[in-house]
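*Asks:* I'd like to ask you about the structure that follows.
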Amino acid sequence: MDKTDTIKSTSKLSITYLVIAVCCTFVTVFGLQLFNRHLLMSYSLPMRMILMIITRWLLILGPGILMVVNKEKLGDIGFQKDKILKQIGIGIYLAFAMSLVLTVLPILLGFKDMTGSTTYTKAWQFTYQFVYDIIGVALTEEFIFRGYIFKKLLEIRNSRRFAILISSLLFGLFHIFNGNLIQVFMTAFLGFLFCMLREKIKGCTLLSLIIAHGIYDALIVLWVSIL
């Protein structure tokens with residue numbers, strides 16, 4: 001088998017793994033929507049808080065199994081072992097910068113209703129929101145879309161523009177089960193933004209994106225409640 005055939009074979013396998021990962025992810029998130037809608041509220045509050053995080057981790061089951069089968073490592077999808085504190089610091093900085101531009105400014109300009117809403121009044125509720133958004137939402141979504149899927153797209157076609165575009169579109173469609181087309185477009189834009197931050201900011205890793213994504217999401221609830 002010559003080099004061209006090898007590349008084509010690798011590309012076909014990557015397409016197969018990508019399709020499997022995307023299907024598993026979308027089926028799982030649809031199942032989670034049904035669970036949250038029909039079963040979650042039957043549990044006590046402490047159990048609901050735990051289940052909301054644990055069930056989110058089910059999203060990485062499909063891509064995770066594929067990584068194990070193919071002996072891929074976390075480093076292969078964008079995680080780095082060195083300068084952890086710097087990675088976290090970059091994530092925190094990006095989260096507040098995004099929050100000021102995309103949340104605080106629109107609220108101050110009179111678009112609070114479009115920004116978000118909350119009924120939270122207690123400190124523990126806001127604390128839990130940060131925990132849930134970082135290790136529940138951001139961890140799984142960045143692992144899948146800016147991690148595994150992004151890597152497979154690069155294997156299919158060695159073009160970072162292609163990987164950025166398709167992964168961002170898939171990230172937007174991932175939110176279609178919420179029944180809000182505006183959110184699909186907004187999350188696709190955020191997916192594109194997260195990709196560009198990693199591409200353009202030195203030291204911005206997948207861990208940085210997880211921190212930025214999680215804190216940014218949680219800050220929406222905080223700003224809406226106090227501004």
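Residue numbering restarts at 1 in every chain; chains get A, B, ... in the order shown in the structure tokens, and ligands count up from 1 in that same order.
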Pick out each residue of chain A that DSSP on the backbone tags as alpha helix (DSSP H); I need them as JSON, numbers by chain.

*Replies:* {"A": [3, 4, 5, 6, 7, 8, 9, 10, 11, 12, 13, 14, 15, 16, 17, 18, 19, 20, 21, 22, 23, 24, 25, 26, 27, 28, 29, 30, 31, 32, 33, 34, 35, 36, 37, 38, 45, 46, 47, 48, 49, 50, 51, 52, 53, 54, 55, 56, 57, 61, 62, 63, 64, 65, 66, 67, 68, 69, 84, 85, 86, 87, 88, 89, 90, 91, 92, 93, 94, 95, 96, 97, 98, 99, 105, 106, 107, 108, 112, 113, 114, 115, 123, 124, 125, 126, 127, 128, 129, 130, 131, 132, 139, 140, 141, 150, 151, 152, 153, 154, 155, 156, 160, 161, 162, 163, 164, 165, 166, 167, 168, 169, 170, 171, 172, 173, 174, 181, 182, 183, 184, 185, 186, 187, 188, 189, 190, 191, 192, 193, 194, 195, 196, 197, 198, 199, 200, 206, 207, 208, 209, 210, 211, 212, 213, 214, 215, 216, 217, 218, 219, 220, 221, 222, 223, 224, 225, 226]}

*Asks:* When you look at range 58-63 of chain A with a cut-off of 7 Å (counting only C-alpha atoms), what residues show up, excluding the ones that are within fewer than 3 positions of it in the same chain? I need them as a PyMOL selection string.

*Replies:* chain A and resi 21+24-25+28-29+55+66-67+140+144+148

*Asks:* Go ahead and write the residues just picked, C-alpha atoms, as a JSON list (two decimals), in the first residue's frame.

*Replies:*
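The file below, selection-v5.json, is the result:
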```
[["chain", "number", "residue", "atom", "x", "y", "z"],
["A", 21, "ALA", "CA", -18.95, 9.68, 17.89],
["A", 24, "CYS", "CA", -23.51, 8.56, 20.09],
["A", 25, "THR", "CA", -23.29, 12.13, 21.35],
["A", 28, "THR", "CA", -27.13, 10.57, 24.41],
["A", 29, "VAL", "CA", -28.04, 14.25, 24.67],
["A", 55, "THR", "CA", -25.45, 12.15, 33.54],
["A", 66, "LEU", "CA", -13.36, 4.98, 20.60],
["A", 67, "MET", "CA", -10.24, 6.55, 22.09],
["A", 140, "THR", "CA", -17.92, 17.17, 28.31],
["A", 144, "ILE", "CA", -16.17, 16.17, 22.47],
["A", 148, "TYR", "CA", -12.22, 14.46, 19.80]]
```

*Asks:* Which residues are near range 193-199 of chain A? Cut-off 12 Å, only C-alpha atoms, ignore same chain within fewer than 5 positions. Put them as a VMD selection string.

*Replies:* chain A and resid 78 to 79 87 90 to 91 93 to 95 97 to 98 102 138 141 to 142 145 to 147 150 160 to 169 171 186 to 188 204 to 214 216

*Asks:* Would you kindly return, as a ChimeraX atom specification, each protein, DNA or RNA residue with an atom no farther than 6 Å from any atom of range 218-222 of chain A, considering only C-alpha atoms and excluding same-chain residues fewer than 2 positions away?

*Replies:* /A:129-130,215-216,224-225

*Asks:* What does the structure give for the distance between CA of Gly203 in chain A and CA of Ile77 in chain A, in Å to one decimal?

*Replies:*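 Taking CA of Gly203 in chain A and CA of Ile77 in chain A, their separation equals 15.1 Å.
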
*Asks:* Which residue out of A:Ile201, A:Leu32, A:Gly110, A:Ser14 has the minimum interatomic distance to Asn70 in chain A when only C-alpha atoms are used?

*Replies:*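 Comparing A:Ile201, A:Leu32, A:Gly110, A:Ser14 against Asn70 in chain A, the winner is A:Ser14.
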
*Asks:* Find the spatial neighbours of Trp223 in chain A, counting only C-alpha atoms, within a cut-off of 10 Å - ignore same-chain residues fewer than 2 positions away - and output them as a list in words.

*Replies:*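 Close residues of Trp223 in chain A: Ser99, Leu100, Thr103, Val104, Ile107, Lys112, Thr115, Gly116, Ser117, Thr118, Ala218, Leu219, Ile220, Val221, Ser225, Ile226 and Leu227 of chain A.
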
*Asks:* Quick one: pull the distance between CA of Ile135 in chain A and CA of Ile53 in chain A, Å, one decimal.

*Replies:*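 Computing the Euclidean distance for CA of Ile135 in chain A and CA of Ile53 in chain A yields 7.3 Å.
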
*Asks:* Using only C-alpha atoms for the distances, tell me which of A:Met49, A:Leu34, A:Ile149, A:Leu108 is nearest to Ile20 in chain A.

*Replies:*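 The closest residue to Ile20 in chain A is A:Ile149.
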